[in-house]
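Undergrad: One file: start_1.txt (compact mmCIF, C-alpha atoms and all ligand atoms).
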# COMPACT_ATOMS: atom_id res chain seq x y z
CA VAL U 1 94.71 100.41 127.26
CA LEU U 2 93.25 102.42 130.16
CA LEU U 3 95.79 105.14 129.46
CA HIS U 4 94.49 105.46 125.91
CA LEU U 5 90.75 105.46 126.68
CA PRO U 6 90.29 109.23 127.30
CA TRP U 7 92.01 109.98 123.97
CA ILE U 8 90.01 107.32 122.15
CA ASP U 9 86.71 108.65 123.53
CA ALA U 10 87.61 112.26 122.72
CA ILE U 11 88.69 111.40 119.17
CA ASN U 12 85.58 109.34 118.45
CA THR U 13 83.33 112.18 119.71
CA LEU U 14 85.18 114.79 117.64
CA LYS U 15 85.15 112.50 114.60
CA ARG U 16 81.33 112.30 114.72
CA GLU U 17 81.01 116.08 115.20
CA ARG U 18 83.28 116.70 112.20
CA GLY U 19 81.59 114.09 110.02
CA ALA U 20 85.05 112.62 109.42
CA VAL U 21 86.18 109.13 108.62
CA ILE U 22 89.47 107.81 110.01
CA MET U 23 91.45 105.49 107.74
CA ALA U 24 94.40 103.63 109.25
CA HIS U 25 97.09 101.53 107.60
CA SER U 26 97.91 98.08 109.02
CA TYR U 27 101.15 99.50 110.49
CA GLN U 28 99.40 101.92 112.81
CA SER U 29 99.62 101.21 116.55
CA PRO U 30 96.80 99.06 118.01
CA GLU U 31 95.21 101.95 119.95
CA ILE U 32 94.72 103.73 116.60
CA PHE U 33 93.94 100.65 114.51
CA HIS U 34 91.41 99.20 116.96
CA GLY U 35 90.45 102.32 118.94
CA VAL U 36 89.57 105.05 116.44
CA ALA U 37 89.84 103.80 112.83
CA ASP U 38 86.70 103.34 110.71
CA VAL U 39 88.60 101.81 107.79
CA THR U 40 91.75 99.69 108.11
CA GLY U 41 93.86 97.73 105.65
CA ASP U 42 96.73 97.69 103.21
CA SER U 43 97.56 100.60 100.93
CA LEU U 44 95.30 99.27 98.17
CA ALA U 45 92.34 98.98 100.58
CA LEU U 46 92.89 102.56 101.76
CA ALA U 47 93.03 103.87 98.18
CA GLN U 48 89.84 101.98 97.29
CA ALA U 49 88.12 103.30 100.43
CA ALA U 50 89.09 106.89 99.60
CA ALA U 51 87.70 106.50 96.07
CA ASP U 52 84.38 105.22 97.54
CA CYS U 53 84.23 107.56 100.55
CA ASP U 54 81.08 109.60 101.27
CA ALA U 55 82.30 111.50 104.35
CA HIS U 56 83.51 115.02 103.56
CA THR U 57 86.66 114.75 105.67
CA ILE U 58 89.20 111.91 105.64
CA VAL U 59 91.85 111.64 108.37
CA LEU U 60 94.59 109.44 106.96
CA CYS U 61 96.53 107.66 109.69
CA GLY U 62 99.47 106.51 107.63
CA VAL U 63 102.25 108.18 105.68
CA HIS U 64 102.18 111.18 103.35
CA PHE U 65 101.96 109.30 100.04
CA MET U 66 98.82 107.54 101.34
CA ALA U 67 97.19 110.88 102.15
CA GLU U 68 98.16 112.22 98.71
CA SER U 69 96.61 109.16 97.07
CA ALA U 70 93.43 109.66 99.10
CA LYS U 71 93.27 113.31 97.97
CA LEU U 72 93.84 112.32 94.33
CA LEU U 73 91.06 109.75 94.46
CA ALA U 74 88.69 111.93 96.50
CA PRO U 75 89.50 115.41 95.17
CA ASP U 76 86.37 117.03 96.62
CA LYS U 77 87.07 115.84 100.17
CA THR U 78 89.23 117.46 102.80
CA VAL U 79 92.11 115.05 103.45
CA LEU U 80 94.03 115.55 106.69
CA ILE U 81 97.18 113.88 108.00
CA PRO U 82 98.06 114.20 111.71
CA ASP U 83 101.80 114.72 110.98
CA LEU U 84 103.02 116.13 107.67
CA GLU U 85 106.52 114.75 108.30
CA ALA U 86 105.35 111.12 108.07
CA GLY U 87 107.39 110.20 104.99
CA CYS U 88 108.70 106.98 103.46
CA SER U 89 112.22 105.93 102.40
CA LEU U 90 110.82 104.48 99.17
CA ALA U 91 108.92 107.64 98.22
CA SER U 92 112.00 109.77 98.88
CA SER U 93 114.28 107.50 96.80
CA ILE U 94 113.10 108.82 93.42
CA THR U 95 112.06 112.09 91.78
CA ALA U 96 109.98 112.95 88.73
CA ALA U 97 113.24 113.87 86.90
CA ASP U 98 114.61 110.37 87.64
CA VAL U 99 111.51 108.83 86.03
CA ARG U 100 111.90 111.00 82.92
CA ALA U 101 115.57 109.92 82.68
CA LEU U 102 114.55 106.22 82.94
CA ARG U 103 112.01 106.72 80.15
CA ALA U 104 114.65 108.34 77.96
CA ARG U 105 116.95 105.34 78.55
CA HIS U 106 114.18 102.79 77.79
CA PRO U 107 112.04 104.37 75.07
CA GLY U 108 108.55 102.90 74.77
CA ALA U 109 108.66 100.97 78.07
CA PRO U 110 105.66 101.84 80.26
CA VAL U 111 106.29 102.94 83.86
CA VAL U 112 104.61 101.19 86.79
CA SER U 113 105.12 103.00 90.09
CA TYR U 114 104.53 101.51 93.49
CA VAL U 115 102.08 103.75 95.38
CA ASN U 116 104.95 104.46 97.77
CA THR U 117 105.90 107.47 95.61
CA SER U 118 105.14 111.18 95.53
CA ALA U 119 102.26 112.50 93.43
CA ALA U 120 104.91 114.09 91.15
CA VAL U 121 106.39 110.63 90.43
CA LYS U 122 102.92 109.13 89.94
CA ALA U 123 102.24 111.88 87.40
CA GLU U 124 105.18 110.61 85.29
CA SER U 125 103.88 107.01 85.45
CA ASP U 126 101.51 104.99 83.29
CA ALA U 127 100.02 103.14 86.25
CA CYS U 128 100.47 102.65 89.97
CA CYS U 129 100.43 99.38 91.86
CA THR U 130 100.65 98.16 95.43
CA SER U 131 102.24 95.00 96.76
CA ALA U 132 98.78 93.39 96.46
CA ASN U 133 98.48 93.80 92.67
CA ALA U 134 101.99 94.51 91.31
CA VAL U 135 102.13 91.43 89.06
CA GLN U 136 98.63 92.05 87.69
CA VAL U 137 99.37 95.73 86.93
CA VAL U 138 102.71 94.94 85.25
CA GLU U 139 100.99 92.37 83.03
CA ALA U 140 98.09 94.72 82.28
CA MET U 141 100.57 97.07 80.57
CA GLY U 142 100.70 94.61 77.63
CA ALA U 143 104.42 95.28 77.08
CA ASP U 144 107.49 93.00 76.94
CA LYS U 145 109.48 95.45 79.07
CA VAL U 146 108.22 97.61 81.97
CA ILE U 147 110.03 100.16 84.14
CA PHE U 148 109.13 99.22 87.71
CA LEU U 149 109.94 101.60 90.56
CA PRO U 150 111.10 102.48 93.14
CA ASP U 151 111.39 99.32 95.31
CA GLY U 152 114.20 97.11 93.99
CA PHE U 153 113.31 94.18 96.28
CA LEU U 154 109.60 94.25 95.41
CA GLY U 155 110.61 94.56 91.75
CA ALA U 156 112.93 91.54 91.99
CA HIS U 157 110.10 89.56 93.60
CA VAL U 158 107.61 90.59 90.88
CA ALA U 159 110.18 89.59 88.24
CA THR U 160 110.06 86.00 89.57
CA LYS U 161 106.28 85.92 88.92
CA THR U 162 106.08 87.24 85.37
CA ASP U 163 107.73 86.87 81.96
CA VAL U 164 107.70 90.66 81.49
CA GLU U 165 111.23 92.10 81.62
CA LEU U 166 111.50 94.64 84.44
CA VAL U 167 113.83 97.63 84.61
CA LEU U 168 114.32 98.25 88.34
CA TRP U 169 115.22 101.20 90.56
CA HIS U 170 117.28 100.90 93.74
CA GLY U 171 114.80 102.18 96.35
CA GLN U 172 114.42 100.27 99.61
CA CYS U 173 112.04 100.29 102.54
CA GLU U 174 114.17 101.17 105.55
CA VAL U 175 112.06 98.85 107.74
CA HIS U 176 111.95 95.71 105.58
CA GLU U 177 115.51 95.87 104.28
CA LYS U 178 116.69 95.23 107.86
CA PHE U 179 115.24 91.72 108.12
CA THR U 180 117.73 88.89 107.60
CA ALA U 181 117.45 85.28 106.50
CA GLN U 182 119.16 84.38 109.79
CA GLN U 183 116.26 85.93 111.78
CA VAL U 184 113.77 83.96 109.72
CA ARG U 185 115.63 80.68 110.25
CA HIS U 186 115.80 81.42 113.98
CA ALA U 187 112.00 81.93 114.14
CA ARG U 188 111.46 78.69 112.31
CA GLU U 189 113.98 76.58 114.24
CA ARG U 190 113.47 78.02 117.72
CA PHE U 191 109.66 78.44 117.61
CA ASP U 192 108.61 76.12 114.78
CA ALA U 193 106.87 79.18 113.30
CA ALA U 194 105.35 79.57 109.85
CA VAL U 195 106.96 82.53 108.08
CA VAL U 196 104.96 85.26 106.35
CA ALA U 197 106.97 88.06 104.74
CA HIS U 198 106.23 91.34 103.00
CA PRO U 199 107.66 91.58 99.45
CA GLU U 200 109.65 94.71 100.41
CA CYS U 201 112.07 92.31 102.21
CA PRO U 202 115.41 91.23 100.66
CA PRO U 203 115.28 88.21 98.30
CA ASP U 204 117.07 85.81 100.70
CA VAL U 205 114.41 86.56 103.34
CA LEU U 206 111.59 85.98 100.85
CA ALA U 207 113.20 82.70 99.80
CA GLU U 208 112.72 81.41 103.38
CA ALA U 209 109.03 82.42 103.63
CA ASP U 210 105.96 80.16 103.47
CA PHE U 211 103.92 83.09 102.16
CA VAL U 212 104.80 86.47 100.63
CA GLY U 213 102.11 89.13 100.38
CA SER U 214 100.73 92.55 101.22
CA THR U 215 99.64 93.38 104.77
CA SER U 216 95.99 92.50 104.00
CA ALA U 217 97.00 89.30 102.19
CA MET U 218 98.91 88.23 105.34
CA GLY U 219 95.66 88.23 107.34
CA GLN U 220 93.90 86.27 104.59
CA TRP U 221 96.72 83.70 104.57
CA LEU U 222 96.42 83.26 108.35
CA GLU U 223 92.66 82.62 107.90
CA ARG U 224 93.44 79.84 105.44
CA ALA U 225 96.57 78.26 106.93
CA ARG U 226 95.75 78.65 110.66
CA PRO U 227 99.32 78.07 111.88
CA LEU U 228 99.94 77.66 115.62
CA ARG U 229 102.86 80.07 115.53
CA VAL U 230 103.80 82.65 112.93
CA ALA U 231 106.69 85.02 112.34
CA LEU U 232 105.37 88.10 110.50
CA ILE U 233 108.37 89.55 108.71
CA THR U 234 107.03 93.06 108.38
CA GLU U 235 106.44 96.19 110.46
CA CYS U 236 105.92 95.22 114.09
CA SER U 237 102.42 96.65 114.62
CA MET U 238 101.06 94.24 112.03
CA GLY U 239 101.34 91.39 114.54
CA ASP U 240 99.90 93.52 117.35
CA ASN U 241 96.88 94.33 115.18
CA LEU U 242 96.30 90.74 114.05
CA ARG U 243 96.53 89.28 117.57
CA THR U 244 92.91 90.09 118.41
CA ARG U 245 91.70 88.57 115.12
CA PHE U 246 93.71 85.38 115.68
CA PRO U 247 93.73 84.82 119.45
CA HIS U 248 94.95 81.22 119.10
CA VAL U 249 97.97 82.09 116.97
CA GLN U 250 101.26 82.92 118.67
CA PHE U 251 103.15 85.78 116.99
CA VAL U 252 106.93 85.54 117.31
CA GLN U 253 108.21 88.10 114.79
CA PRO U 254 111.32 90.21 115.25
CA CYS U 255 110.16 93.80 115.87
CA ASN U 256 111.08 96.53 113.37
CA LEU U 257 109.03 99.72 113.66
CA CYS U 258 108.51 102.27 110.87
CA PRO U 259 109.51 105.65 112.34
CA HIS U 260 107.28 107.42 109.81
CA MET U 261 104.15 105.42 110.60
CA LYS U 262 104.89 105.93 114.30
CA ARG U 263 104.71 109.72 113.95
CA ILE U 264 100.94 109.29 114.03
CA THR U 265 99.68 109.26 117.62
CA LEU U 266 96.36 109.64 119.45
CA PRO U 267 97.23 113.21 120.58
CA ASN U 268 98.08 114.36 117.06
CA ILE U 269 94.96 112.67 115.60
CA HIS U 270 92.94 114.60 118.19
CA ALA U 271 94.67 117.88 117.27
CA CYS U 272 94.13 117.08 113.59
CA LEU U 273 90.35 116.79 114.09
CA ARG U 274 90.15 119.71 116.52
CA ASP U 275 92.05 122.18 114.32
CA LEU U 276 91.33 120.55 110.93
CA ARG U 277 95.03 120.31 110.16
CA HIS U 278 97.21 119.33 108.26
CA GLU U 279 95.41 119.48 104.97
CA VAL U 280 97.06 117.53 102.13
CA THR U 281 96.74 118.98 98.64
CA VAL U 282 98.24 118.12 95.25
CA PRO U 283 99.23 120.85 92.74
CA ASP U 284 96.93 121.24 89.71
CA ASP U 285 99.75 120.60 87.21
CA VAL U 286 100.38 117.18 88.79
CA ALA U 287 96.99 115.97 90.06
CA PRO U 288 95.20 114.91 86.82
CA ARG U 289 98.16 112.80 85.57
CA ALA U 290 98.81 111.25 89.00
CA ARG U 291 95.08 110.47 89.36
CA ARG U 292 95.07 108.71 85.98
CA ALA U 293 97.90 106.40 87.12
CA LEU U 294 96.03 105.56 90.33
CA GLU U 295 92.74 105.00 88.51
CA ARG U 296 94.46 102.62 86.12
CA MET U 297 95.59 100.62 89.16
CA LEU U 298 92.07 100.60 90.65
CA ALA U 299 90.69 99.34 87.33
CA VAL U 300 93.02 96.32 87.59
CA GLY U 301 91.88 95.71 91.18
CA ARG U 302 93.34 93.17 93.57
P1 LIG A 1 100.89 97.30 101.92
O1 LIG A 1 99.96 97.64 103.02
O2 LIG A 1 100.37 97.71 100.61
O3 LIG A 1 101.31 95.88 101.97
O4 LIG A 1 102.18 98.23 102.10
C1 LIG A 1 103.18 98.09 102.98
C2 LIG A 1 103.89 99.33 103.26
O5 LIG A 1 105.05 99.33 103.56
C3 LIG A 1 103.18 100.57 103.27
O6 LIG A 1 103.97 101.53 103.73
FE1 LIG A 2 107.80 103.41 103.75
FE2 LIG A 2 108.72 101.13 104.70
FE3 LIG A 2 107.63 102.83 106.37
FE4 LIG A 2 106.10 101.54 104.58
S1 LIG A 2 107.21 100.64 106.26
S2 LIG A 2 106.04 103.73 105.07
S3 LIG A 2 107.49 101.37 102.86
S4 LIG A 2 109.50 103.19 105.20
Before we go any further, please render this structure as structure tokens.
Ligand code: 13P
Ligand code: SF4
TA:
Amino acid sequence: VLLHLPWIDAINTLKRERGAVIMAHSYQSPEIFHGVADVTGDSLALAQAAADCDAHTIVLCGVHFMAESAKLLAPDKTVLIPDLEAGCSLASSITAADVRALRARHPGAPVVSYVNTSAAVKAESDACCTSANAVQVVEAMGADKVIFLPDGFLGAHVATKTDVELVLWHGQCEVHEKFTAQQVRHARERFDAAVVAHPECPPDVLAEADFVGSTSAMGQWLERARPLRVALITECSMGDNLRTRFPHVQFVQPCNLCPHMKRITLPNIHACLRDLRHEVTVPDDVAPRARRALERMLAVGR
């Protein structure tokens, strides 16, 4: 912690001078999440915060699609990301041309895209969703069949919660696909831990979980259930960030880090504010259609 303090102080000073707000996803390291962020939460919370933001500069500590969503929902603001290379295996699993081909194969079926997609893919979609509202958005389409992309595991999980037929894509989160049912059983048997899993995990992992939900929903579940020990089957920083909120809970999760989320560091946040880089923009031929899909998601809510 002491090592981080000079960076934290410098960033918080610069942030005030720039009139900027720092938004950090739940998977950011604790020194970012607790030290410099003004807004924290799951991807839905960050999108809602961008739409409501009154600062003129947003520094998005998360991955590129989150910064694009912030720009789409706050088009008059300057949106900065500390590292432009912070990508996502789900977002890179599908292109706008793939979505058009799916539509051609399933005429009339609306397209619901997870926010973990590029703005170009969002622009081809009827609505976006996050893991916090995927079932609600799918059902809001009012159709018997919906094309749901790109996360095949999240899609399979949503399919267990609705009567709507889902056409799925084969995208995977490179962090969550690594968890195994064996790891979950180990946490339960060895530590007597409750198991909370993110819906991007494989189905056999989700089948072993006491609760499945978005990163924000995980915190809400811990508030309600108050387990003594918990295995959080999601990106490793999630447990680090929840530890201070739940000092009496023991976190025993296996640790998988997202290499994209971890590209964001205190030094590059400082450089981002100092040099006002890297600005995230969305091309004019894409932005209005992508914004419509995001706004449809926000209208559904959580
Ligand atoms: P949520 O915060 O929406 O649960 O998303 C998880 C995720 O993997 C974001 O990259
Ligand atoms: Fe993408 Fe998975 Fe990393 Fe989230 S955790 S940014 S879904 S690769």
Undergrad: Return as JSON the box centre and box size in Å, one decimal, for an axis-aligned box around all listed atoms of range 286-292 of chain U padded by 8 Å per side.
TA:
{"center_x": 97.7, "center_y": 112.9, "center_z": 87.8, "size_x": 21.3, "size_y": 24.5, "size_z": 20.5}
Undergrad: For ligand LIG 2 (chain A), collect every residue having any atom at a distance of at most 9 Å from a ligand atom (counting all atoms listed in the file); output as a list in words.
TA: Tyr27, Gly62, Val63, His64, Phe65, Met66, Ala86, Gly87, Cys88, Ser89, Leu90, Ala91, Asn116, Asp151, Gln172, Cys173, Glu174, Val175, His176, Glu177, Glu200, Thr234, Glu235, Leu257, Cys258, Pro259, His260, Met261 and Lys262 of chain U
Undergrad: Counting only C-alpha atoms and all ligand atoms, what are the residues, protein, DNA or RNA alike, that approach ligand LIG 1 (chain A) to within 6 Å? I want them as JSON, numbers by chain.
TA: {"U": [42, 43, 44, 130, 131, 214, 215]}
Undergrad: Contacts of range 95-111 of chain U at 10 Å or less, counting all atoms listed in the file, minus same-chain residues fewer than 6 places along, as a list of chain:residue names?
TA: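 Non-adjacent residues within range: U:Thr117, U:Ser118, U:Ala119, U:Ala120, U:Val121, U:Lys122, U:Ala123, U:Glu124, U:Ser125, U:Asp126, U:Ala127, U:Cys128, U:Val138, U:Met141, U:Gly142, U:Ala143, U:Asp144, U:Lys145, U:Val146, U:Ile147, U:Phe148, U:Leu149, U:Pro150, U:Glu165, U:Leu166, U:Val167, U:Leu168, U:Trp169, U:Ala293.
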Undergrad: Quick check, in Å to one decimal: how far apart do CA of Val205 in chain U and CA of Arg185 in chain U lie?
TA: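 These two atoms are separated by 9.2 Å.
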Undergrad: What does the distance from CA of Met238 in chain U to CA of Val196 in chain U come to in Å, to one decimal?
TA: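 Rounded to one decimal, the two atoms are 11.3 Å apart.
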Undergrad: Counting all atoms listed in the file, which of U:Gln48, U:Gln253, U:Thr78, U:Thr57 gets nearest to Phe191 in chain U?
TA: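 Of U:Gln48, U:Gln253, U:Thr78, U:Thr57, the one nearest Phe191 in chain U is U:Gln253, counting all atoms listed in the file.
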Undergrad: Find the residue from U:Ile233, U:Val212, U:Ala49, U:Leu84 that sits nearest to Val280 in chain U; use all atoms listed in the file when measuring.
TA: U:Leu84
Undergrad: Counting all atoms listed in the file, which residues have an atom no more than 10 Å from (95.0, 98.8, 89.9) in the file's coordinates? Please list them as an mmCIF file with C-alpha atoms, in the frame of the given file.
TA:
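The resulting point20.cif:
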data_model
loop_
_atom_site.group_PDB
_atom_site.id
_atom_site.type_symbol
_atom_site.label_atom_id
_atom_site.label_comp_id
_atom_site.auth_asym_id
_atom_site.auth_seq_id
_atom_site.Cartn_x
_atom_site.Cartn_y
_atom_site.Cartn_z
ATOM 1 C CA LEU U 44 95.300 99.270 98.170
ATOM 2 C CA ALA U 47 93.030 103.870 98.180
ATOM 3 C CA GLN U 48 89.840 101.980 97.290
ATOM 4 C CA ALA U 127 100.020 103.140 86.250
ATOM 5 C CA CYS U 128 100.470 102.650 89.970
ATOM 6 C CA CYS U 129 100.430 99.380 91.860
ATOM 7 C CA THR U 130 100.650 98.160 95.430
ATOM 8 C CA ALA U 132 98.780 93.390 96.460
ATOM 9 C CA ASN U 133 98.480 93.800 92.670
ATOM 10 C CA ALA U 134 101.990 94.510 91.310
ATOM 11 C CA GLN U 136 98.630 92.050 87.690
ATOM 12 C CA VAL U 137 99.370 95.730 86.930
ATOM 13 C CA VAL U 138 102.710 94.940 85.250
ATOM 14 C CA ALA U 140 98.090 94.720 82.280
ATOM 15 C CA ALA U 293 97.900 106.400 87.120
ATOM 16 C CA LEU U 294 96.030 105.560 90.330
ATOM 17 C CA GLU U 295 92.740 105.000 88.510
ATOM 18 C CA ARG U 296 94.460 102.620 86.120
ATOM 19 C CA MET U 297 95.590 100.620 89.160
ATOM 20 C CA LEU U 298 92.070 100.600 90.650
ATOM 21 C CA ALA U 299 90.690 99.340 87.330
ATOM 22 C CA VAL U 300 93.020 96.320 87.590
ATOM 23 C CA GLY U 301 91.880 95.710 91.180
ATOM 24 C CA ARG U 302 93.340 93.170 93.570
#
Undergrad: Just how far from CA of Arg229 in chain U is CA of Gln183 in chain U, in Å to one decimal?
TA: 15.1 Å
Undergrad: In terms of the shortest atom-to-atom distance over only C-alpha atoms, which of U:Asp192, U:Asp210, U:Glu85, U:Glu279 is closest to Leu228 in chain U?
TA: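 Between U:Asp192, U:Asp210, U:Glu85, U:Glu279, the residue approaching Leu228 in chain U most closely is U:Asp192.
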Undergrad: Quick one: residues within 10 Å of Arg18 in chain U, all atoms listed in the file, excluding same-chain residues fewer than 5 positions away - as a list of chain:residue names?
TA: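 Non-adjacent residues within range: U:Asn12, U:Thr13, U:Ala55, U:His56, U:Thr57, U:Leu273, U:Arg274, U:Leu276.
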Undergrad: Do a neighbour search on range 201-203 of chain U at 7 Å with all atoms listed in the file, toss out local chain neighbours closer than 3 positions, and write the hits as an MDAnalysis selection string.
TA: chainID U and resid 153 176:177 179 198 206:207
Undergrad: From the list U:Asp204, U:Asp163, U:Asp54, U:Glu31, which residue is nearest Asp240 in chain U when using all atoms listed in the file?
TA: U:Glu31
Undergrad: Got a sec: who's within 12 Å of Ile32 in chain U, counting all atoms listed in the file, leaving out chain neighbours fewer than 4 positions off, as JSON, numbers by chain?
TA: {"U": [1, 4, 5, 7, 8, 9, 11, 12, 22, 23, 24, 25, 26, 27, 28, 36, 37, 38, 39, 40, 59, 60, 61, 62, 237, 240, 241, 261, 262, 263, 264, 265, 266, 267, 268, 269, 270]}
Undergrad: Restricting the calculation to all atoms listed in the file: of U:Gly19, U:Gly41, U:Gly35, U:Pro283, which residue gets closest to Met218 in chain U?
TA: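 Residue with the minimum atom-to-atom distance to Met218 in chain U: U:Gly41.
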Undergrad: Excluding Arg277 in chain U and residues on its chain fewer than 6 positions from it, collect all residues at most 8 Å away from it, counting only C-alpha atoms, and give them as a list in words.
TA: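 In the requested format, the answer is Leu80, Ile81, Pro82 and Ala271 of chain U.
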